[in-house]
Amino acid sequence: MKSKYLSLLAAIIFLASSGAYADWLDSDGILRKDDGRFSLMNQSDALKSCPPGTHLPTIRELASLSQASGAKGILEVDPSDPFSTPYRYKRVSAVNANGARDEFNFSSADYVRPSGDLGHSSFWSSSERLGVSGYSFVLDGASGDVAWTAPGVIFVAVRCVADQ
């Protein structure tokens, strides 16, 4: 009986170490479980989840994906009037995982919701709200909008992008 359990344990260890239960990236860069469901996690784990050669995108990179799907997208802050936010835009003030500050105006107006999974989930960024530690930005695939979340209260999908 003991050898039967040891054999079963050895098989489980082999499967786990061979990657049979590992998450994988689909063609859109979305991290998925073996059964095809999104890998949902908090932002702290998401920061460590992208495989070599990819990374968790900044909020600007995710906003650019939204812009590629029709959103008015990113409008740089006017240095001559840094406190002005154009109509239908909102200010995004972020600090990226590398410590770089990033501020821009963003509008999801005219966004065309992607078909399939991309239009049904939110995706983590590696960016946090400027001046508010732990509040991280996400991109909502349904609306194309960017938003921030409170620390540890949400589990969101991960979309990795290729390193440049």
# chains A, B, ... in the order shown; residues from 1 in each chain; ligands from 1

$ closest_atom_pairs --of "range 13-80 of chain A" --to "range 93-103 of chain A" --cutoff "8 Å" --atoms "only C-alpha atoms" --output "tab-separated table"
residue	atom	partner	partner_atom	distance
A:Thr58	CA	A:Asn96	CA	6.3
A:Ile59	CA	A:Ala94	CA	7.7
A:Arg60	CA	A:Asp102	CA	7.9
A:Glu76	CA	A:Glu103	CA	7.7
A:Val77	CA	A:Glu103	CA	7.0

$ write_last_selection --atoms "C-alpha atoms" --output "short mmCIF file (atom, residue, chain, number, x, y, z; two decimals), in the first residue's frame"
data_model
loop_
_atom_site.label_atom_id
_atom_site.label_comp_id
_atom_site.auth_asym_id
_atom_site.auth_seq_id
_atom_site.Cartn_x
_atom_site.Cartn_y
_atom_site.Cartn_z
CA THR A 58 2.35 49.27 -18.47
CA ILE A 59 -0.98 51.07 -18.49
CA ARG A 60 0.24 53.07 -21.51
CA GLU A 76 -0.26 63.55 -24.38
CA VAL A 77 -0.45 66.13 -21.61
#

$ closest_residue --among "A:Arg113, A:Lys72, A:Arg37, A:Arg91" --to "Val156 in chain A" --atoms "only C-alpha atoms"
A:Arg37

$ residues_around --residues "Phe106 in chain A" --least-positions-apart "4" --cutoff "12 Å" --atoms "only C-alpha atoms" --output "list in words"
Ile59, Arg60, Leu62, Ala63, Ser64, Ser66, Gln67, Ala71, Lys72, Gly73, Ile74, Leu75, Glu76, Val77, Thr85, Pro86, Tyr87, Arg88, Tyr89, Lys90, Arg91, Val92, Ser93, Tyr111, Leu139, Gly144, Asp145, Val146 and Ala147 of chain A

$ closest_residue --among "A:Pro151, A:Gly141, A:Gly70, A:Pro79" --to "Val112 in chain A" --atoms "only C-alpha atoms"
A:Gly70

$ closest_residue --among "A:Ser122, A:Ser108, A:Ser80, A:Ser115" --to "Met41 in chain A" --atoms "only C-alpha atoms"
A:Ser122

$ select_by_dssp --residues "range 22-122 of chain A" --states "helix (DSSP H, G or I)" --output "number ranges by chain"
A: 43-46, 59-68, 116-119

$ write_last_selection --atoms "C-alpha atoms" --output "mmCIF file, in the first residue's frame"
data_model
loop_
_atom_site.group_PDB
_atom_site.id
_atom_site.type_symbol
_atom_site.label_atom_id
_atom_site.label_comp_id
_atom_site.auth_asym_id
_atom_site.auth_seq_id
_atom_site.Cartn_x
_atom_site.Cartn_y
_atom_site.Cartn_z
ATOM 1 C CA GLN A 43 -1.331 42.195 -9.365
ATOM 2 C CA SER A 44 1.573 41.135 -7.167
ATOM 3 C CA ASP A 45 1.502 37.633 -8.683
ATOM 4 C CA ALA A 46 0.794 39.016 -12.167
ATOM 5 C CA ILE A 59 -0.983 51.071 -18.491
ATOM 6 C CA ARG A 60 0.239 53.074 -21.506
ATOM 7 C CA GLU A 61 0.900 49.822 -23.408
ATOM 8 C CA LEU A 62 -2.600 48.572 -22.556
ATOM 9 C CA ALA A 63 -4.119 51.938 -23.518
ATOM 10 C CA SER A 64 -2.341 51.589 -26.869
ATOM 11 C CA LEU A 65 -4.038 48.199 -27.359
ATOM 12 C CA SER A 66 -7.384 49.879 -26.680
ATOM 13 C CA GLN A 67 -6.486 52.601 -29.162
ATOM 14 C CA ALA A 68 -5.692 49.911 -31.773
ATOM 15 C CA GLY A 116 -14.136 36.397 -27.901
ATOM 16 C CA ASP A 117 -12.204 36.442 -24.658
ATOM 17 C CA LEU A 118 -10.458 39.776 -25.159
ATOM 18 C CA GLY A 119 -13.782 41.567 -24.813
#

$ atom_distance --atom1 "CA of Gln164 in chain A" --atom2 "CA of Asp28 in chain A"
16.5 Å

$ select_by_dssp --residues "chain A" --states "strand (DSSP E or B)" --output "MDAnalysis selection string"
chainID A and resid 24:25 30:32 38 41 54:55 73:76 90:95 101:107 122:129 136:140 146:149 156:157 159 161:162

$ write_last_selection --atoms "N, CA and C atoms" --output "short mmCIF file (atom, residue, chain, number, x, y, z; two decimals), in the first residue's frame"
data_model
loop_
_atom_site.label_atom_id
_atom_site.label_comp_id
_atom_site.auth_asym_id
_atom_site.auth_seq_id
_atom_site.Cartn_x
_atom_site.Cartn_y
_atom_site.Cartn_z
N TRP A 24 0.01 28.79 -19.68
CA TRP A 24 0.57 28.97 -21.01
C TRP A 24 0.00 30.22 -21.64
N LEU A 25 0.70 30.78 -22.62
CA LEU A 25 0.27 31.98 -23.32
C LEU A 25 -0.42 31.58 -24.61
N ILE A 30 -2.40 36.03 -23.72
CA ILE A 30 -3.16 35.86 -22.48
C ILE A 30 -2.70 34.60 -21.77
N LEU A 31 -2.41 34.74 -20.50
CA LEU A 31 -1.99 33.61 -19.67
C LEU A 31 -3.23 32.77 -19.33
N ARG A 32 -3.16 31.47 -19.65
CA ARG A 32 -4.31 30.58 -19.45
C ARG A 32 -3.91 29.35 -18.65
N PHE A 38 -8.87 31.70 -18.23
CA PHE A 38 -7.86 32.71 -17.90
C PHE A 38 -7.23 32.39 -16.55
N MET A 41 -5.39 36.33 -11.10
CA MET A 41 -4.50 36.51 -9.94
C MET A 41 -4.50 37.96 -9.52
N THR A 54 8.82 38.21 -22.35
CA THR A 54 7.57 38.98 -22.28
C THR A 54 7.53 39.70 -20.95
N HIS A 55 6.59 40.61 -20.82
CA HIS A 55 6.42 41.33 -19.55
C HIS A 55 4.97 41.75 -19.38
N GLY A 73 -8.14 56.99 -27.54
CA GLY A 73 -6.86 56.61 -26.99
C GLY A 73 -6.09 57.69 -26.28
N ILE A 74 -4.79 57.67 -26.50
CA ILE A 74 -3.84 58.47 -25.74
C ILE A 74 -3.68 59.85 -26.36
N LEU A 75 -3.74 60.86 -25.51
CA LEU A 75 -3.45 62.23 -25.89
C LEU A 75 -2.46 62.74 -24.84
N GLU A 76 -1.30 63.12 -25.32
CA GLU A 76 -0.26 63.55 -24.38
C GLU A 76 -0.69 64.81 -23.64
N LYS A 90 -9.79 61.41 -19.71
CA LYS A 90 -9.48 61.47 -18.28
C LYS A 90 -7.97 61.38 -18.13
N ARG A 91 -7.50 61.94 -17.04
CA ARG A 91 -6.05 61.94 -16.78
C ARG A 91 -5.64 60.61 -16.17
N VAL A 92 -4.60 60.04 -16.70
CA VAL A 92 -4.00 58.83 -16.13
C VAL A 92 -2.64 59.25 -15.58
N SER A 93 -2.47 59.13 -14.27
CA SER A 93 -1.21 59.45 -13.62
C SER A 93 -0.69 58.18 -12.97
N ALA A 94 0.38 57.65 -13.54
CA ALA A 94 0.87 56.34 -13.12
C ALA A 94 2.35 56.36 -12.83
N VAL A 95 2.76 55.37 -12.07
CA VAL A 95 4.18 55.07 -11.92
C VAL A 95 4.32 53.60 -12.30
N ARG A 101 7.69 57.60 -14.02
CA ARG A 101 6.41 58.29 -13.95
C ARG A 101 5.83 58.42 -15.36
N ASP A 102 4.51 58.23 -15.50
CA ASP A 102 3.87 58.31 -16.81
C ASP A 102 2.51 58.96 -16.65
N GLU A 103 2.32 60.11 -17.31
CA GLU A 103 1.03 60.81 -17.26
C GLU A 103 0.57 61.09 -18.68
N PHE A 104 -0.71 60.79 -18.92
CA PHE A 104 -1.30 61.08 -20.22
C PHE A 104 -2.81 61.18 -20.06
N ASN A 105 -3.46 61.71 -21.07
CA ASN A 105 -4.92 61.76 -21.12
C ASN A 105 -5.39 60.57 -21.93
N PHE A 106 -6.54 60.01 -21.56
CA PHE A 106 -7.03 58.82 -22.25
C PHE A 106 -8.54 58.88 -22.43
N SER A 107 -9.00 58.42 -23.60
CA SER A 107 -10.42 58.30 -23.86
C SER A 107 -10.69 56.96 -24.53
N SER A 122 -10.92 41.90 -17.71
CA SER A 122 -9.99 43.00 -17.45
C SER A 122 -8.59 42.40 -17.36
N PHE A 123 -7.59 43.25 -17.65
CA PHE A 123 -6.21 42.78 -17.68
C PHE A 123 -5.33 43.71 -16.85
N TRP A 124 -4.44 43.10 -16.07
CA TRP A 124 -3.52 43.85 -15.21
C TRP A 124 -2.52 44.65 -16.03
N SER A 125 -2.10 45.76 -15.48
CA SER A 125 -0.92 46.48 -15.96
C SER A 125 0.14 46.38 -14.87
N SER A 126 1.35 46.79 -15.21
CA SER A 126 2.42 46.83 -14.21
C SER A 126 2.46 48.20 -13.52
N SER A 127 1.51 49.05 -13.82
CA SER A 127 1.50 50.44 -13.32
C SER A 127 0.59 50.60 -12.11
N GLU A 128 1.01 51.49 -11.21
CA GLU A 128 0.20 51.86 -10.05
C GLU A 128 -0.16 53.33 -10.16
N ARG A 129 -1.20 53.72 -9.41
CA ARG A 129 -1.58 55.13 -9.37
C ARG A 129 -0.45 55.95 -8.77
N SER A 136 -3.50 49.66 -8.36
CA SER A 136 -2.97 49.30 -9.67
C SER A 136 -3.97 49.56 -10.78
N PHE A 137 -3.45 49.79 -11.99
CA PHE A 137 -4.29 50.03 -13.15
C PHE A 137 -4.62 48.74 -13.88
N VAL A 138 -5.83 48.69 -14.45
CA VAL A 138 -6.27 47.58 -15.30
C VAL A 138 -6.90 48.16 -16.57
N LEU A 139 -6.97 47.33 -17.61
CA LEU A 139 -7.71 47.67 -18.82
C LEU A 139 -8.94 46.77 -18.88
N ASP A 140 -10.11 47.37 -19.02
CA ASP A 140 -11.35 46.61 -19.14
C ASP A 140 -11.56 46.27 -20.61
N VAL A 146 -9.52 52.37 -19.02
CA VAL A 146 -8.53 52.09 -17.98
C VAL A 146 -9.12 52.52 -16.65
N ALA A 147 -8.78 51.78 -15.62
CA ALA A 147 -9.28 52.08 -14.27
C ALA A 147 -8.22 51.61 -13.28
N TRP A 148 -8.38 52.01 -12.03
CA TRP A 148 -7.47 51.53 -10.99
C TRP A 148 -8.27 50.75 -9.97
N THR A 149 -7.58 49.84 -9.30
CA THR A 149 -8.21 48.97 -8.32
C THR A 149 -7.52 49.11 -6.97
N VAL A 156 -7.65 39.40 -11.54
CA VAL A 156 -7.83 39.82 -12.92
C VAL A 156 -6.93 38.97 -13.82
N ALA A 157 -7.26 38.93 -15.10
CA ALA A 157 -6.50 38.16 -16.09
C ALA A 157 -5.16 38.86 -16.39
N ARG A 159 -2.32 39.56 -19.45
CA ARG A 159 -1.95 39.56 -20.86
C ARG A 159 -0.52 40.05 -20.95
N VAL A 161 3.02 41.01 -22.96
CA VAL A 161 3.44 41.55 -24.24
C VAL A 161 4.93 41.28 -24.43
N ALA A 162 5.34 41.17 -25.67
CA ALA A 162 6.74 40.86 -25.99
C ALA A 162 7.66 42.01 -25.58
#
